[in-house]
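Shown next, in structure tokens, is the structure this report addresses.
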Amino acid sequence: MLHPPYAILACDVFSDELIELGGDPPPWRALEFLEMGLHDQPDKLRQKIQQSIHDLESDREVQAIVLAYGRCGNGLVGIRAQRCPLILPQAHDCISILLGGREAHDAQLKKTPGTYFYSPGWVRGKRVPGPDREAYLREFYAERYADDEDMIDELVEVDRDAFEHHNCAAYVSIVDRPATADYCKDCAKHMQWEHTTLKGDPSFLQDLLNGNWQPTRFLTVEPGQCVAADVEGNLVAID
Amino acid sequence: MSTLEDLKTAVINGKRKDVKVIVPELLESGVEPTSLLQDALIPAMAIVGERFKNNEVFVPEMLVSARAMKQAMAIIEPKLLEAGISPEYTAIIGTVEGDLHDIGKNLVATMWKGTGFDVIDLGVNVPAAKFLEAIDEYKPQIVGLSTLLTTTMPAMKETVAAIRNAGHSKVMILIGGAPITQSYADEIGADGFSKDAGSAVDIAKTTLGIA
Ligand code: B12
């Protein structure tokens with residue numbers, strides 16, 4: 001597939017999949033990852049993405065910027081570029097992208113509404129519900145509440161409560177990562193959830209990488225335009 | 001002797017144990033239960049919400065404060081009943097079908113309780129039909145819908161339509177959740193929207209005409 005020399009700005013959640021699917025030599029001219037945790041704060045995510053687009057655009061060889069992001073809780077709404085078109089998947093979040101589209105995501109949630117999704121990227125942060133989350137939180141809050149053991153206990157407890165409506169760990173597999181797949185099983189056991197493996201569908205990411213930017217699956221935002229969402233939930237470009 | 005200011009600070013800092021001591025002390029010294037709510041608890045949670053918005057505290061810290069507020073309410077509610085203060089308005093609230101996020105919804109429910117509404121919480125992943133049943137059963141003046149997922153915003157739209165189609169034209173529908181905007185509320189025919197728990201109280205009062 002012919003495509004202009006592009007730079008890809010991606011959420012770190014996709015790093016295993018993108019590097020492997022990209023192959024050698026990779027199809028991109030430049031690749032930048034942003035930290036995954038940003039999605040917890042959509043406003044901060046938007047700021048960082050905007051800044052990175054600006055930086056990537058300063059490379060005059062780059063003719064398009066591809067975003068490996070979903071709508072991400074409106075974190076992508078309001079994004080614009082000055083010189084290059086932006087290409088982004090028509091998707092709500094990374095889970096839909098890894099599953100190849102909205103349908104598979106919806107089907108799993110319909111079957112088991114209490115599903116929490118895991119993937120190599122989600123697991124890498126070790127923040128997923130499982131055996132290591134509590135230790136992570138304790139360390140994270142230790143600095144802030146050094147002399148307040150009570151407060152740290154409370155924080156760990158409310159965090160545990162936050163998952164009380166979940167009952168299933170679903171591992172989305174695209175690239176082969178046996179250790180990660182096993183870790184997800186450990187997580188399910190630790191949380192006393194059921195476990196399932198969902199076969200991911202690489203086509204969304206492959207099309208993204210190969211320049212197969214069909215308007216049904218990808219939005220193109222011309223320079224100067226900005227990303228918005230319509231009432232139906234689709235991403236659109238506005239002036 | 002503890003003051004209302006101490007109670008406010010305890011809630012802001014999530015000190016559940018302190019709250020357990022301060023609230024009975026204040027009640028004993030003759031402070032009105034409603035004043036505890038209006039002058040300490042609600043302003044405290046408004047401040048916590050503000051800090052969260054400015055990224056000064058994270059979700060779990062806000063939850064610890066909410067727990068402290070709930071602790072206080074558990075002590076205050078029986079006193080309100082004793083004093084013969086029965087809620088004038090009923091609200092039902094829930095997170096729409098397909099969505100399990102409930103932190104924001106719970107905060108709004110707590111704040112509404114704090115202002116003196118009777119609040120029926122339907123929980124998470126609530127189908128439209130369940131909202132309709134609850135409306136028939138509790139005859140609320142307000143229905144609150146919450147969603148955090150852009151994928152379940154259509155379920156919110158369907159729920160609003162179902163309530164209207166069932167002929168409940170008088171019940172006020174308020175909506176919220178991080179991806180929700182005023183223009184979305186207008187679009188789907190909701191009566192109001194608020195972006196945080198503090199203004200959820202204001203909007204509820206305004207739509208009821210009691211602000
Ligand atoms: C905490 C959180 C979780 C917790 C939820 C715990 C719980 N019991 O609620 C956990 C970790 C379990 C979780 C799970 C998931 N989450 Co989550 N989560 C969040 C996060 C970080 C914060 C949400 C929150 O609680 N905010 C704090 C509260 C106080 O704010 P609020 O909800 O906006 O509520 C305020 C206002 O909106 C308003 N309000 C809210 N409701 C109402 C109602 C009325 C009537 C009114 C008037 C006002 C009002 O007042 C509230 C109080 O101030 C958001 C990101 C974000 N910053 O929004 C992601 C986010 C919502 N989650 C996301 C995702 C993808 C998921 C998962 C699918 C992840 C996975 N790997 O499986 C699952 C979803 C499962 C499901 N089916 O629901 C995405 C959503 C993407 C999308 N498609 O839209 C987000 C945006 C993160 C991201 N960018 O990727 N999540």
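The way I read the labels, and the way they are meant: chains A, B, ... in the order of the structure tokens, residue 1 as the first residue of every chain, and ligand 1 as the first ligand shown, with later ones counted on from there.
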Within 6 Å of ligand 1 (only C-alpha atoms and all ligand atoms), residues as a ChimeraX atom specification: /A:39-42,72-73,92-93,113,116-118,162-163 /B:49,59,98-105,107-108,144-146,148-151,174-178,193-197,200
Every residue of segment 29-206 of chain B that DSSP places in alpha helix (DSSP H), as a PyMOL selection string: chain B and resi 33-36+42-53+59-82+103-114+128-138+153-165+182-188+197-206
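When only C-alpha atoms are used to compute distances to Ala155 of chain B, the closest of the residues A:Gly121, A:Gly233, A:Ala91, A:Gly130 turns out to be A:Gly233.
Considering the residues A:Asp176, A:Glu61, A:Asp147, A:Asp43 and counting only C-alpha atoms, chain B has its shortest atom-to-atom contact with A:Asp43.
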For His105 of chain A: contacts at 10 Å, only C-alpha atoms, fewer than 5 positions along chain excluded, given as an NGL selection string: (:A and (93 or 95-100 or 110 or 117 or 198)) or (:B and (151))
Spatial neighbours of Lys170 of chain B, 10 Å, only C-alpha atoms, chain gap at least 4 places, as a VMD selection string: chain B and resid 140 to 142 164
I'd like the contact shell of Asp159 of chain A - 10 Å cut-off, only C-alpha atoms, skipping same-chain residues fewer than 2 positions apart - returned as an mmCIF file with N, CA and C atoms, in the first residue's frame.
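Wrote around_38.cif, looks like this:
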```cif
data_model
loop_
_atom_site.group_PDB
_atom_site.id
_atom_site.type_symbol
_atom_site.label_atom_id
_atom_site.label_comp_id
_atom_site.auth_asym_id
_atom_site.auth_seq_id
_atom_site.Cartn_x
_atom_site.Cartn_y
_atom_site.Cartn_z
ATOM 1 N N PRO A 129 -5.570 -4.777 37.942
ATOM 2 C CA PRO A 129 -5.990 -5.516 39.132
ATOM 3 C C PRO A 129 -5.342 -6.893 39.148
ATOM 4 N N ARG A 133 -0.796 -5.006 42.235
ATOM 5 C CA ARG A 133 -1.373 -3.663 42.267
ATOM 6 C C ARG A 133 -1.259 -3.021 43.644
ATOM 7 N N GLU A 134 -1.525 -3.815 44.658
ATOM 8 C CA GLU A 134 -1.491 -3.237 45.998
ATOM 9 C C GLU A 134 -0.097 -2.702 46.344
ATOM 10 N N LEU A 137 0.493 0.519 44.578
ATOM 11 C CA LEU A 137 -0.211 1.643 45.193
ATOM 12 C C LEU A 137 0.470 2.081 46.490
ATOM 13 N N ASP A 153 -3.645 2.521 54.089
ATOM 14 C CA ASP A 153 -4.563 1.372 54.163
ATOM 15 C C ASP A 153 -5.922 1.720 53.566
ATOM 16 N N GLU A 154 -6.424 2.900 53.909
ATOM 17 C CA GLU A 154 -7.722 3.341 53.380
ATOM 18 C C GLU A 154 -7.686 3.402 51.857
ATOM 19 N N LEU A 155 -6.592 3.970 51.333
ATOM 20 C CA LEU A 155 -6.476 4.128 49.872
ATOM 21 C C LEU A 155 -6.479 2.768 49.179
ATOM 22 N N VAL A 156 -5.771 1.813 49.773
ATOM 23 C CA VAL A 156 -5.717 0.471 49.193
ATOM 24 C C VAL A 156 -7.116 -0.162 49.238
ATOM 25 N N GLU A 157 -7.806 0.078 50.343
ATOM 26 C CA GLU A 157 -9.141 -0.490 50.490
ATOM 27 C C GLU A 157 -10.139 0.086 49.481
ATOM 28 N N ASP A 161 -12.314 -1.807 46.497
ATOM 29 C CA ASP A 161 -13.763 -1.652 46.305
ATOM 30 C C ASP A 161 -14.111 -1.239 44.881
ATOM 31 N N ALA A 162 -13.202 -0.481 44.258
ATOM 32 C CA ALA A 162 -13.496 0.054 42.923
ATOM 33 C C ALA A 162 -13.742 -1.065 41.919
ATOM 34 N N PHE A 163 -13.226 -2.251 42.189
ATOM 35 C CA PHE A 163 -13.379 -3.366 41.243
ATOM 36 C C PHE A 163 -14.489 -4.334 41.628
ATOM 37 N N GLU A 164 -15.309 -3.940 42.583
ATOM 38 C CA GLU A 164 -16.267 -4.927 43.116
ATOM 39 C C GLU A 164 -17.293 -5.388 42.084
ATOM 40 N N VAL B 59 -8.139 9.847 42.125
ATOM 41 C CA VAL B 59 -9.439 9.249 42.404
ATOM 42 C C VAL B 59 -9.498 8.581 43.802
ATOM 43 N N PRO B 60 -8.519 7.719 44.155
ATOM 44 C CA PRO B 60 -8.646 7.054 45.466
ATOM 45 C C PRO B 60 -8.689 8.032 46.641
ATOM 46 N N GLU B 61 -7.956 9.127 46.548
ATOM 47 C CA GLU B 61 -7.973 10.097 47.643
ATOM 48 C C GLU B 61 -9.357 10.727 47.780
ATOM 49 N N LEU B 63 -12.063 9.237 46.991
ATOM 50 C CA LEU B 63 -12.939 8.198 47.542
ATOM 51 C C LEU B 63 -12.808 8.091 49.054
ATOM 52 N N VAL B 64 -11.596 8.299 49.539
ATOM 53 C CA VAL B 64 -11.393 8.240 50.977
ATOM 54 C C VAL B 64 -12.170 9.384 51.649
#
```
Selected residue of minimal separation from Lys157 of chain B among B:Ile173, B:Ile120, B:Met62, B:Leu37, counting only C-alpha atoms: B:Ile173
DSSP-assigned strand (DSSP E or B) among segment 38-188 of chain A, expressed as an NGL selection string: :A and (64-68 or 80 or 86-89 or 115-118 or 168-173)
Could you write out the selected residues, including all heavy atoms, as a compact mmCIF listing (two decimals), in the first residue's frame?
```txt
# COMPACT_ATOMS: atom_id res chain seq x y z
N ALA A 64 2.46 13.14 7.01
CA ALA A 64 1.20 12.81 7.69
C ALA A 64 1.54 12.35 9.10
O ALA A 64 2.64 11.85 9.35
CB ALA A 64 0.46 11.71 6.95
N ILE A 65 0.58 12.52 9.99
CA ILE A 65 0.79 12.02 11.35
C ILE A 65 -0.33 11.05 11.69
O ILE A 65 -1.52 11.37 11.57
CB ILE A 65 0.85 13.18 12.37
CG1 ILE A 65 2.10 14.02 12.07
CG2 ILE A 65 0.90 12.64 13.80
CD1 ILE A 65 2.26 15.22 12.95
N VAL A 66 0.09 9.83 12.04
CA VAL A 66 -0.85 8.77 12.34
C VAL A 66 -0.93 8.64 13.86
O VAL A 66 0.09 8.60 14.54
CB VAL A 66 -0.36 7.45 11.71
CG1 VAL A 66 -1.18 6.28 12.19
CG2 VAL A 66 -0.38 7.55 10.19
N LEU A 67 -2.15 8.61 14.38
CA LEU A 67 -2.31 8.51 15.82
C LEU A 67 -2.81 7.12 16.20
O LEU A 67 -3.88 6.70 15.75
CB LEU A 67 -3.32 9.56 16.32
CG LEU A 67 -2.89 11.01 16.11
CD1 LEU A 67 -4.06 11.96 16.39
CD2 LEU A 67 -1.72 11.36 17.00
N ALA A 68 -2.04 6.40 16.98
CA ALA A 68 -2.51 5.11 17.47
C ALA A 68 -3.18 5.36 18.83
O ALA A 68 -2.61 5.12 19.89
CB ALA A 68 -1.37 4.11 17.59
N ARG A 80 -5.46 19.12 16.91
CA ARG A 80 -5.29 19.59 15.54
C ARG A 80 -3.80 19.64 15.15
O ARG A 80 -2.94 19.60 16.01
CB ARG A 80 -5.93 20.97 15.35
CG ARG A 80 -5.34 22.06 16.24
CD ARG A 80 -5.89 23.43 15.88
NE ARG A 80 -7.20 23.68 16.48
CZ ARG A 80 -8.26 24.05 15.77
NH1 ARG A 80 -8.19 24.20 14.47
NH2 ARG A 80 -9.40 24.30 16.38
N LEU A 86 -3.89 14.54 9.91
CA LEU A 86 -3.86 13.57 11.00
C LEU A 86 -4.73 12.39 10.61
O LEU A 86 -5.82 12.58 10.07
CB LEU A 86 -4.46 14.17 12.27
CG LEU A 86 -3.74 15.33 12.95
CD1 LEU A 86 -4.61 15.88 14.09
CD2 LEU A 86 -2.41 14.84 13.51
N ILE A 87 -4.24 11.18 10.86
CA ILE A 87 -5.03 9.99 10.58
C ILE A 87 -5.30 9.30 11.91
O ILE A 87 -4.36 9.03 12.66
CB ILE A 87 -4.24 8.97 9.71
CG1 ILE A 87 -3.44 9.66 8.61
CG2 ILE A 87 -5.14 7.86 9.21
CD1 ILE A 87 -4.25 10.37 7.58
N LEU A 88 -6.57 9.02 12.22
CA LEU A 88 -6.81 8.29 13.46
C LEU A 88 -7.93 7.27 13.33
O LEU A 88 -8.86 7.45 12.54
CB LEU A 88 -7.02 9.21 14.65
CG LEU A 88 -8.12 10.25 14.70
CD1 LEU A 88 -8.45 10.58 16.13
CD2 LEU A 88 -7.69 11.51 13.98
N PRO A 89 -7.81 6.18 14.09
CA PRO A 89 -8.82 5.12 14.01
C PRO A 89 -10.17 5.60 14.53
O PRO A 89 -10.21 6.36 15.50
CB PRO A 89 -8.27 4.02 14.93
CG PRO A 89 -6.91 4.42 15.35
CD PRO A 89 -6.74 5.87 15.06
N THR A 115 -16.40 -7.52 32.61
CA THR A 115 -15.08 -7.84 32.06
C THR A 115 -14.09 -6.70 32.29
O THR A 115 -14.40 -5.54 32.03
CB THR A 115 -15.18 -8.08 30.55
OG1 THR A 115 -16.12 -9.12 30.30
CG2 THR A 115 -13.82 -8.47 29.98
N TYR A 116 -12.91 -7.05 32.74
CA TYR A 116 -11.80 -6.11 32.74
C TYR A 116 -10.79 -6.65 31.74
O TYR A 116 -10.42 -7.81 31.78
CB TYR A 116 -11.17 -5.99 34.13
CG TYR A 116 -10.25 -4.80 34.24
CD1 TYR A 116 -10.73 -3.56 34.66
CD2 TYR A 116 -8.91 -4.90 33.87
CE1 TYR A 116 -9.89 -2.47 34.73
CE2 TYR A 116 -8.07 -3.80 33.94
CZ TYR A 116 -8.57 -2.59 34.37
OH TYR A 116 -7.74 -1.50 34.43
N PHE A 117 -10.37 -5.79 30.78
CA PHE A 117 -9.52 -6.26 29.69
C PHE A 117 -8.04 -6.10 30.02
O PHE A 117 -7.63 -5.07 30.56
CB PHE A 117 -9.85 -5.48 28.41
CG PHE A 117 -11.25 -5.73 27.90
CD1 PHE A 117 -12.30 -4.92 28.31
CD2 PHE A 117 -11.51 -6.78 27.03
CE1 PHE A 117 -13.59 -5.16 27.84
CE2 PHE A 117 -12.79 -7.02 26.57
CZ PHE A 117 -13.84 -6.20 26.97
N TYR A 118 -7.27 -7.10 29.64
CA TYR A 118 -5.82 -7.09 29.81
C TYR A 118 -5.19 -7.25 28.43
O TYR A 118 -5.77 -7.86 27.53
CB TYR A 118 -5.37 -8.26 30.67
CG TYR A 118 -5.82 -8.22 32.12
CD1 TYR A 118 -7.16 -8.37 32.45
CD2 TYR A 118 -4.90 -8.05 33.15
CE1 TYR A 118 -7.57 -8.33 33.78
CE2 TYR A 118 -5.30 -8.01 34.48
CZ TYR A 118 -6.65 -8.15 34.79
OH TYR A 118 -7.05 -8.12 36.10
N CYS A 168 -14.48 -10.76 35.65
CA CYS A 168 -13.84 -11.53 34.59
C CYS A 168 -12.61 -10.80 34.06
O CYS A 168 -12.67 -9.60 33.77
CB CYS A 168 -14.85 -11.74 33.45
SG CYS A 168 -14.15 -12.54 32.00
N ALA A 169 -11.50 -11.52 33.95
CA ALA A 169 -10.29 -10.98 33.35
C ALA A 169 -10.20 -11.53 31.93
O ALA A 169 -10.15 -12.74 31.75
CB ALA A 169 -9.06 -11.38 34.15
N ALA A 170 -10.20 -10.64 30.94
CA ALA A 170 -10.14 -11.10 29.55
C ALA A 170 -8.81 -10.65 28.95
O ALA A 170 -8.52 -9.45 28.88
CB ALA A 170 -11.30 -10.52 28.75
N TYR A 171 -8.03 -11.61 28.52
CA TYR A 171 -6.73 -11.30 27.95
C TYR A 171 -6.86 -11.20 26.43
O TYR A 171 -7.28 -12.15 25.77
CB TYR A 171 -5.71 -12.38 28.33
CG TYR A 171 -4.34 -12.10 27.77
CD1 TYR A 171 -3.59 -11.04 28.26
CD2 TYR A 171 -3.81 -12.88 26.75
CE1 TYR A 171 -2.33 -10.78 27.74
CE2 TYR A 171 -2.54 -12.62 26.24
CZ TYR A 171 -1.82 -11.56 26.73
OH TYR A 171 -0.58 -11.28 26.22
N VAL A 172 -6.51 -10.04 25.88
CA VAL A 172 -6.61 -9.84 24.43
C VAL A 172 -5.24 -10.10 23.81
O VAL A 172 -4.28 -9.37 24.07
CB VAL A 172 -7.06 -8.41 24.09
CG1 VAL A 172 -7.26 -8.28 22.59
CG2 VAL A 172 -8.36 -8.08 24.81
N SER A 173 -5.18 -11.13 23.00
CA SER A 173 -3.90 -11.57 22.50
C SER A 173 -3.77 -11.32 21.00
O SER A 173 -4.58 -11.78 20.20
CB SER A 173 -3.77 -13.07 22.80
OG SER A 173 -2.74 -13.63 22.05
```
Contact residues around segment 82-91 of chain B with only C-alpha atoms at 12 Å, ignoring same-chain residues under 6 positions, as a PyMOL selection string: chain B and resi 32-34+75-76+108-122+131+134-135+137-145+171-174+201+204-205+208-210
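Counting only C-alpha atoms, the residue from B:Gly198, B:Pro43, B:Gly189, B:Pro179 that sits nearest to Asn165 of chain B is B:Gly189.
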